[in-house]
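Visitor: mmCIF, C-alpha atoms, file entry.cif:
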data_start
#
loop_
_atom_site.label_atom_id
_atom_site.label_comp_id
_atom_site.auth_asym_id
_atom_site.auth_seq_id
_atom_site.Cartn_x
_atom_site.Cartn_y
_atom_site.Cartn_z
CA MET A 17 4.42 -23.61 12.47
CA ILE A 18 3.73 -21.79 15.75
CA GLY A 19 7.45 -21.56 16.47
CA TYR A 20 8.10 -20.24 12.97
CA ILE A 21 5.42 -17.56 13.31
CA LEU A 22 6.75 -16.50 16.73
CA ARG A 23 10.28 -16.21 15.34
CA ARG A 24 9.06 -14.14 12.40
CA ILE A 25 7.08 -11.85 14.72
CA ALA A 26 10.13 -11.37 16.96
CA THR A 27 12.28 -10.56 13.93
CA SER A 28 9.65 -8.12 12.66
CA ILE A 29 9.61 -6.29 16.00
CA VAL A 30 13.40 -5.90 15.93
CA VAL A 31 13.28 -4.61 12.35
CA LEU A 32 10.49 -2.18 13.21
CA ILE A 33 12.48 -0.77 16.13
CA GLY A 34 15.52 -0.29 13.91
CA VAL A 35 13.48 1.39 11.18
CA SER A 36 11.75 3.70 13.68
CA ILE A 37 15.13 4.80 15.10
CA PHE A 38 16.44 5.56 11.61
CA ILE A 39 13.31 7.47 10.58
CA PHE A 40 13.20 9.49 13.79
CA ALA A 41 16.91 10.39 13.59
CA LEU A 42 16.61 11.39 9.92
CA LEU A 43 13.56 13.61 10.43
CA HIS A 44 15.04 15.07 13.60
CA ALA A 45 18.18 16.08 11.68
CA ILE A 46 16.02 17.88 9.10
CA TYR A 47 13.46 19.35 11.49
CA PRO A 48 14.75 19.36 15.09
CA SER A 49 11.97 21.42 16.67
CA PRO A 50 8.49 22.79 15.82
CA ALA A 51 9.07 25.86 18.01
CA ILE A 52 9.00 28.31 15.10
CA ASP A 53 5.68 26.83 13.88
CA VAL A 54 4.16 27.36 17.31
CA LEU A 55 5.67 30.75 18.21
CA GLY A 56 5.81 32.24 14.72
CA SER A 57 8.67 33.27 12.46
CA ARG A 58 9.29 36.45 14.48
CA ALA A 59 10.03 34.61 17.72
CA ASN A 60 13.43 35.43 19.18
CA THR A 61 16.09 32.90 20.10
CA ALA A 62 15.37 33.10 23.83
CA ALA A 63 11.66 32.36 23.34
CA ILE A 64 12.46 29.40 21.06
CA ALA A 65 14.99 28.00 23.55
CA ALA A 66 12.48 28.38 26.39
CA TRP A 67 9.77 26.58 24.40
CA ASP A 68 12.18 23.76 23.48
CA ARG A 69 13.20 23.39 27.10
CA GLN A 70 9.59 23.34 28.30
CA ASN A 71 8.56 20.66 25.78
CA GLY A 72 11.69 18.51 25.92
CA PHE A 73 13.11 19.41 22.49
CA ASP A 74 16.39 20.53 24.05
CA GLN A 75 17.23 16.96 25.04
CA PRO A 76 19.42 14.62 22.92
CA TRP A 77 17.56 13.10 19.99
CA PHE A 78 17.68 9.57 21.38
CA GLU A 79 15.98 10.67 24.61
CA GLN A 80 13.34 12.38 22.49
CA TYR A 81 12.96 9.13 20.54
CA LEU A 82 12.44 7.08 23.69
CA ARG A 83 9.83 9.55 24.91
CA TYR A 84 8.11 9.50 21.52
CA ILE A 85 8.03 5.68 21.35
CA GLY A 86 6.67 5.56 24.89
CA ASN A 87 3.86 7.87 23.82
CA VAL A 88 3.24 5.80 20.66
CA LEU A 89 2.85 2.64 22.71
CA ARG A 90 0.16 4.45 24.71
CA GLY A 91 -1.61 5.51 21.51
CA ASN A 92 -0.27 9.07 21.45
CA LEU A 93 1.31 9.85 18.06
CA GLY A 94 2.06 13.46 18.87
CA TYR A 95 0.38 16.75 18.08
CA SER A 96 0.00 18.61 14.81
CA TYR A 97 0.82 22.24 15.57
CA LYS A 98 -0.10 23.16 12.02
CA LEU A 99 -3.64 21.76 12.24
CA ASN A 100 -4.01 22.25 16.01
CA GLN A 101 -5.12 18.64 16.45
CA SER A 102 -3.65 15.40 17.73
CA VAL A 103 -2.12 13.15 15.08
CA SER A 104 -4.09 10.17 16.40
CA SER A 105 -7.39 11.93 15.74
CA LEU A 106 -6.21 13.02 12.27
CA LEU A 107 -5.28 9.47 11.31
CA GLY A 108 -8.36 8.03 12.97
CA GLY A 109 -10.57 10.21 10.81
CA VAL A 110 -9.15 9.06 7.47
CA TRP A 111 -7.55 5.61 7.80
CA ALA A 112 -10.78 3.76 7.05
CA ARG A 113 -11.21 5.73 3.81
CA SER A 114 -7.74 4.70 2.62
CA ALA A 115 -8.29 1.12 3.77
CA TYR A 116 -11.48 0.95 1.72
CA LEU A 117 -9.79 2.35 -1.39
CA SER A 118 -6.79 0.02 -1.06
CA GLY A 119 -8.81 -3.03 -0.04
CA VAL A 120 -11.31 -2.86 -2.89
CA SER A 121 -8.54 -2.21 -5.41
CA LEU A 122 -6.50 -5.15 -4.12
CA VAL A 123 -9.43 -7.58 -4.18
CA LEU A 124 -10.47 -6.54 -7.69
CA SER A 125 -6.88 -6.78 -8.91
CA VAL A 126 -6.45 -10.34 -7.62
CA VAL A 127 -9.84 -11.51 -8.90
CA ILE A 128 -9.15 -10.14 -12.38
CA ALA A 129 -5.40 -10.68 -12.72
CA ILE A 130 -5.31 -14.39 -11.82
CA PRO A 131 -7.68 -15.61 -14.56
CA LEU A 132 -6.08 -13.18 -17.02
CA GLY A 133 -2.63 -14.59 -16.30
CA VAL A 134 -3.85 -18.18 -16.60
CA TYR A 135 -5.61 -17.39 -19.89
CA GLN A 136 -2.46 -15.81 -21.31
CA ALA A 137 -0.34 -18.76 -20.22
CA VAL A 138 -2.72 -21.34 -21.73
CA ARG A 139 -3.20 -19.26 -24.91
CA ARG A 140 0.36 -17.98 -25.09
CA ASN A 141 1.64 -16.57 -28.39
CA THR A 142 -1.91 -16.06 -29.66
CA VAL A 143 -3.58 -12.80 -30.66
CA GLY A 144 -5.34 -12.60 -27.28
CA ASP A 145 -2.08 -13.10 -25.40
CA TYR A 146 -0.27 -10.45 -27.45
CA THR A 147 -3.16 -8.00 -27.04
CA LEU A 148 -3.37 -8.39 -23.28
CA THR A 149 0.42 -8.21 -22.96
CA GLY A 150 0.53 -4.98 -24.94
CA LEU A 151 -2.24 -3.41 -22.85
CA ALA A 152 -0.53 -4.52 -19.64
CA PHE A 153 2.77 -2.95 -20.70
CA ILE A 154 1.06 0.31 -21.65
CA VAL A 155 -0.79 0.61 -18.33
CA TYR A 156 2.19 -0.55 -16.27
CA ALA A 157 4.40 2.10 -17.87
CA MET A 158 1.97 4.88 -16.99
CA PRO A 159 2.46 6.93 -13.82
CA ALA A 160 -0.59 6.75 -11.57
CA PHE A 161 -1.37 10.44 -12.00
CA PHE A 162 -1.27 10.17 -15.82
CA LEU A 163 -3.63 7.20 -15.92
CA GLY A 164 -5.95 8.98 -13.49
CA LEU A 165 -5.97 12.11 -15.65
CA ILE A 166 -6.89 10.05 -18.73
CA LEU A 167 -9.78 8.39 -16.88
CA ILE A 168 -10.99 11.76 -15.61
CA GLN A 169 -10.84 13.31 -19.08
CA VAL A 170 -12.69 10.44 -20.78
CA PHE A 171 -15.28 9.30 -18.22
CA ALA A 172 -15.86 12.47 -16.20
CA LEU A 173 -15.31 15.44 -18.50
CA ASP A 174 -16.11 14.00 -21.95
CA LEU A 175 -18.77 11.37 -21.25
CA HIS A 176 -20.04 12.76 -17.91
CA TRP A 177 -20.59 9.23 -16.62
CA LEU A 178 -18.58 9.49 -13.41
CA GLY A 179 -17.35 12.10 -10.95
CA PHE A 180 -13.93 13.73 -11.33
CA GLU A 181 -13.12 13.58 -7.61
CA GLY A 182 -13.52 11.03 -4.85
CA SER A 183 -16.45 11.02 -2.45
CA GLN A 184 -16.36 13.96 -0.03
CA SER A 185 -18.67 12.28 2.47
CA THR A 186 -17.45 11.74 6.02
CA SER A 187 -19.45 8.53 6.42
CA LEU A 188 -17.77 5.32 5.29
CA LEU A 189 -21.15 3.77 4.43
CA SER A 190 -21.91 6.70 2.17
CA ILE A 191 -18.50 6.36 0.52
CA VAL A 192 -19.05 2.64 -0.11
CA GLY A 193 -22.38 3.39 -1.77
CA ASP A 194 -21.08 6.33 -3.81
CA LEU A 195 -20.09 4.47 -6.98
CA HIS A 196 -20.42 7.63 -9.06
CA ASP A 197 -17.49 9.33 -7.33
CA MET A 198 -15.44 6.33 -6.17
CA THR A 199 -15.27 4.35 -9.43
CA LEU A 200 -12.42 6.33 -11.01
CA PRO A 201 -10.09 6.35 -7.94
CA ILE A 202 -10.63 2.61 -7.49
CA ALA A 203 -10.19 1.97 -11.21
CA THR A 204 -6.89 3.89 -11.27
CA LEU A 205 -5.34 1.79 -8.52
CA THR A 206 -6.88 -1.44 -9.82
CA LEU A 207 -5.68 -1.08 -13.41
CA LEU A 208 -2.12 -0.35 -12.32
CA THR A 209 -2.09 -3.39 -10.02
CA ILE A 210 -3.69 -5.69 -12.60
CA ALA A 211 -1.01 -4.76 -15.14
CA SER A 212 1.65 -5.95 -12.69
CA TYR A 213 -0.12 -8.98 -11.23
CA SER A 214 -1.19 -10.44 -14.57
CA ARG A 215 2.40 -10.51 -15.84
CA TYR A 216 3.61 -12.37 -12.75
CA MET A 217 0.67 -14.77 -12.95
CA ARG A 218 1.29 -15.48 -16.63
CA SER A 219 4.96 -16.24 -16.00
CA SER A 220 4.18 -18.48 -13.03
CA ALA A 221 1.43 -20.36 -14.89
CA MET A 222 3.74 -20.98 -17.86
CA ASP A 223 6.35 -22.51 -15.53
CA VAL A 224 3.72 -24.79 -13.98
CA LEU A 225 2.38 -25.86 -17.39
CA ALA A 226 5.85 -27.12 -18.25
CA GLN A 227 5.94 -29.46 -15.22
CA ASP A 228 5.67 -33.22 -15.65
CA TYR A 229 2.58 -33.64 -13.45
CA ILE A 230 0.62 -31.36 -15.80
CA LYS A 231 1.70 -33.44 -18.80
CA VAL A 232 0.82 -36.69 -17.00
CA SER A 233 -2.62 -35.35 -16.02
CA ARG A 234 -3.36 -34.47 -19.61
CA ALA A 235 -2.01 -37.79 -20.88
CA LYS A 236 -4.37 -39.65 -18.53
CA GLY A 237 -7.29 -37.86 -20.17
CA LEU A 238 -8.21 -35.56 -17.28
CA PRO A 239 -10.46 -32.76 -18.59
CA GLU A 240 -8.59 -29.50 -19.22
CA ARG A 241 -10.80 -27.63 -16.77
CA LEU A 242 -9.80 -29.99 -13.94
CA VAL A 243 -6.14 -29.81 -14.94
CA LEU A 244 -6.25 -26.04 -14.65
CA LEU A 245 -8.25 -25.91 -11.42
CA ARG A 246 -6.68 -28.80 -9.50
CA HIS A 247 -3.08 -28.76 -10.63
CA LEU A 248 -2.28 -25.45 -12.26
CA LEU A 249 -4.08 -22.79 -10.28
CA ARG A 250 -2.88 -23.53 -6.75
CA ASN A 251 0.76 -24.02 -7.72
CA ALA A 252 0.80 -21.00 -10.03
CA CYS A 253 -0.67 -18.78 -7.32
CA LEU A 254 2.21 -19.37 -4.88
CA PRO A 255 4.30 -16.43 -6.17
CA MET A 256 1.13 -14.30 -6.08
CA VAL A 257 0.85 -14.93 -2.34
CA THR A 258 4.22 -13.27 -1.80
CA LEU A 259 3.45 -10.51 -4.28
CA ILE A 260 0.16 -9.62 -2.58
CA GLY A 261 1.81 -9.42 0.83
CA LEU A 262 4.58 -7.19 -0.47
CA SER A 263 2.03 -4.99 -2.26
CA ILE A 264 0.35 -3.86 0.96
CA PRO A 265 2.77 -0.95 1.58
CA THR A 266 2.88 -0.21 -2.15
CA LEU A 267 -0.85 0.48 -2.10
CA LEU A 268 -0.23 3.08 0.62
CA ALA A 269 2.18 4.88 -1.70
CA GLY A 270 -0.27 4.54 -4.58
CA ASN A 271 -2.94 6.08 -2.39
CA LEU A 272 -0.74 9.15 -1.99
CA ILE A 273 -0.90 9.93 -5.70
CA THR A 274 -4.45 8.75 -6.33
CA GLU A 275 -5.98 10.48 -3.31
CA THR A 276 -4.22 13.74 -4.16
CA LEU A 277 -5.34 13.58 -7.78
CA PHE A 278 -8.98 12.84 -6.90
CA ASN A 279 -9.05 15.08 -3.80
CA TYR A 280 -10.02 12.09 -1.69
CA ARG A 281 -9.42 12.71 2.00
CA GLY A 282 -7.35 9.72 3.16
CA LEU A 283 -3.93 8.95 4.56
CA GLY A 284 -2.23 9.76 1.27
CA LEU A 285 -3.76 13.22 0.95
CA LEU A 286 -3.09 13.89 4.64
CA PHE A 287 0.59 13.07 4.08
CA TYR A 288 0.72 15.24 0.95
CA ASP A 289 -0.67 18.22 2.87
CA ALA A 290 1.76 17.52 5.72
CA LEU A 291 4.66 17.68 3.25
CA GLY A 292 3.57 21.12 2.11
CA ASN A 293 3.06 22.33 5.67
CA VAL A 294 6.22 20.64 7.05
CA ASP A 295 4.00 19.01 9.68
CA TYR A 296 6.69 17.01 11.48
CA ASN A 297 4.57 14.74 13.66
CA VAL A 298 2.18 13.80 10.84
CA LEU A 299 5.11 13.00 8.55
CA LEU A 300 6.72 10.87 11.25
CA ALA A 301 3.51 8.97 11.99
CA TYR A 302 2.78 8.30 8.31
CA THR A 303 6.32 7.06 7.69
CA LEU A 304 6.13 4.73 10.68
CA ILE A 305 2.79 3.40 9.40
CA GLY A 306 4.43 2.70 6.03
CA ALA A 307 7.26 0.83 7.75
CA LEU A 308 4.77 -1.12 9.87
CA LEU A 309 2.73 -2.09 6.81
CA THR A 310 5.89 -3.23 5.01
CA ILE A 311 6.85 -5.50 7.90
CA ILE A 312 3.29 -6.81 8.29
CA GLY A 313 3.09 -7.45 4.54
CA ASN A 314 6.31 -9.47 4.61
CA LEU A 315 5.11 -11.40 7.65
CA ILE A 316 1.75 -12.20 6.04
CA ALA A 317 3.47 -13.27 2.83
CA ASP A 318 5.89 -15.60 4.64
CA VAL A 319 3.21 -17.20 6.80
CA ALA A 320 0.70 -17.55 3.96
CA LEU A 321 3.33 -19.09 1.67
CA THR A 322 4.28 -21.57 4.38
CA VAL A 323 0.64 -22.59 4.79
CA ALA A 324 0.01 -22.82 1.03
CA ASP A 325 3.16 -24.76 0.13
CA PRO A 326 3.83 -27.90 2.25
CA ARG A 327 7.32 -28.18 0.76
CA ILE A 328 8.42 -25.08 2.67
CA ARG A 329 7.25 -26.60 5.96
CA LEU A 330 9.06 -29.84 5.12
CA ALA A 331 12.29 -27.93 4.45
#
Spit out the file's structure as structure tokens when you get a sec.

Guide:
Amino acid sequence: MIGYILRRIATSIVVLIGVSIFIFALLHAIYPSPAIDVLGSRANTAAIAAWDRQNGFDQPWFEQYLRYIGNVLRGNLGYSYKLNQSVSSLLGGVWARSAYLSGVSLVLSVVIAIPLGVYQAVRRNTVGDYTLTGLAFIVYAMPAFFLGLILIQVFALDLHWLGFEGSQSTSLLSIVGDLHDMTLPIATLTLLTIASYSRYMRSSAMDVLAQDYIKVSRAKGLPERLVLLRHLLRNACLPMVTLIGLSIPTLLAGNLITETLFNYRGLGLLFYDALGNVDYNVLLAYTLIGALLTIIGNLIADVALTVADPRIRLA
């Protein structure tokens, strides 16, 4: 197991390096220098060339990449000339807000989707199964912004039960306690994830129910509750382990839409503003974070699946 984990970590590092080179080269081709942002649109060619030379932007892109990666390894993600602030401080001020939004949504989705999927598998082809399947398809087909707008219209503008934007507090403790403003952003992400997870869980549970050991357990007279808990649940959840790991970067993308819609200051809204401002260093840092989360999610999924399923270790 230790050797397997070390090999997966080594592979992840190689993949991350390759992805970072590709991202840096792509963004550099689109936006080679922030000189105009710093000096202004009226700066002449000589002033721009002098600024590039002074800050190292006249060097080949791969040398710039090596210098950038060296700074990243020291915790320096660059400087936002648009916001006149270091990228590290910008990310440090909002990452916990996004982590809270994503984390709560993920936990709620798993807690709700697993029993829903099992119920649909056990009660398949019944009215309850058809109803839940229809609702899941409707929600899954909705873009995040459309579902969020519906929730805002119904629960914030019509019923006045909840706030129409996320918490504007700068304190994470205040945000956690602000259920009035945080319920709708969390609900938007959670409903979309439940619609996906429950379908996978239903399919997996139906496959497990068709296995011989389930039939033998029932034939021996084992109570249905024990059959579901001891034999069905753990085996049916194996695909969910992989799905949850692969969903980690997806939640970051979902945050982009949800945070923008609810004006919730997190990584997603920061990236959205950076797109409008063409803030090169913020865009680069956010993209690298997305790549890092994707690799970490895959690594967590592989390791967790190996721990949960002894047959993989045996193979």

Visitor: Find the residues around range 319-324 of chain A up to 8 Å (all atoms listed in the file counted), leave out those fewer than 5 positions away in its own chain, and share them as a list in words.

Guide: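 Answer for this query is Ile21, Leu254, Val257, Thr258 and Arg329 of chain A.
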
Visitor: Could you check the closest approach to Leu205 in chain A for each of A:Pro131, A:Leu242, A:Ser114, A:Lys236 and tell me which residue wins, using all atoms listed in the file?

Guide: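 That would be A:Ser114, the residue with the smallest distance to Leu205 in chain A.
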
Visitor: Which residue out of A:Leu188, A:Ile312, A:Ile273, A:Ile39 has the minimum interatomic distance to Trp111 in chain A when only C-alpha atoms are used?

Guide: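 Looking only at the distances to Trp111 in chain A, the closest residue turns out to be A:Leu188.
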
Visitor: Under the PyMOL selection byres ((chain A and resi 180) around 8), which residues of this model are included? Write them out as JSON, numbers by chain.

Guide: {"A": [168, 172, 173, 178, 179, 181, 182, 197, 200, 278]}

Visitor: Using all atoms listed in the file, which of A:Thr303, A:Asn71, A:Ile311, A:Val134 sits nearest Arg241 in chain A?

Guide: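 Ranking A:Thr303, A:Asn71, A:Ile311, A:Val134 by distance to Arg241 in chain A, first place goes to A:Val134.
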
Visitor: Find the distance between CA of Ser214 in chain A and CA of Arg250 in chain A and write it in Å to one decimal.

Guide: 15.3 Å

Visitor: Per residue of range 204-313 of chain A within 12 Å of range 47-68 of chain A, which atom pair is closest and at what distance in Å (one decimal), using all atoms listed in the file, listed by chain and increasing number, as a tab-separated table?

Guide:
residue	atom	partner	partner_atom	distance
A:Asn293	CA	A:Asp53	CA	9.7
A:Val294	CA	A:Tyr47	CA	8.6
A:Asp295	CA	A:Pro50	CA	8.5
A:Tyr296	CA	A:Tyr47	CA	7.2
A:Asn297	CA	A:Pro50	CA	9.2
A:Leu299	CA	A:Tyr47	CA	10.9
A:Leu300	CA	A:Tyr47	CA	10.8

Visitor: In the coordinates of the file, take the point (2.8, -20.3, -13.4) and a cut-off of 7 Å; then, counting all atoms listed in the file, name each qualifying protein, DNA or RNA residue as a list in words.

Guide: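 In the file's frame, the residues around the point are Met217, Arg218, Ser219, Ser220, Ala221, Met222, Asp223, Val224, Leu225 and Ala252 of chain A.
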
Visitor: At what distance in Å, to one decimal, does CA of Leu283 in chain A lie from CA of Gly72 in chain A?

Guide: 28.1 Å

Visitor: Which value, in Å to one decimal, gives the distance between CA of Ser263 in chain A and CA of Ala26 in chain A?

Guide: 21.8 Å

Visitor: Write out as a list in words each polymer residue whose atoms come within 9 Å of range 34-37 of chain A, counting only C-alpha atoms; drop sequence neighbours fewer than 5 positions from it.

Guide: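 Contacts, in chain order: Ile29, Leu42, Phe78, Tyr81, Ile85, Thr303, Leu304 and Ala307 of chain A.
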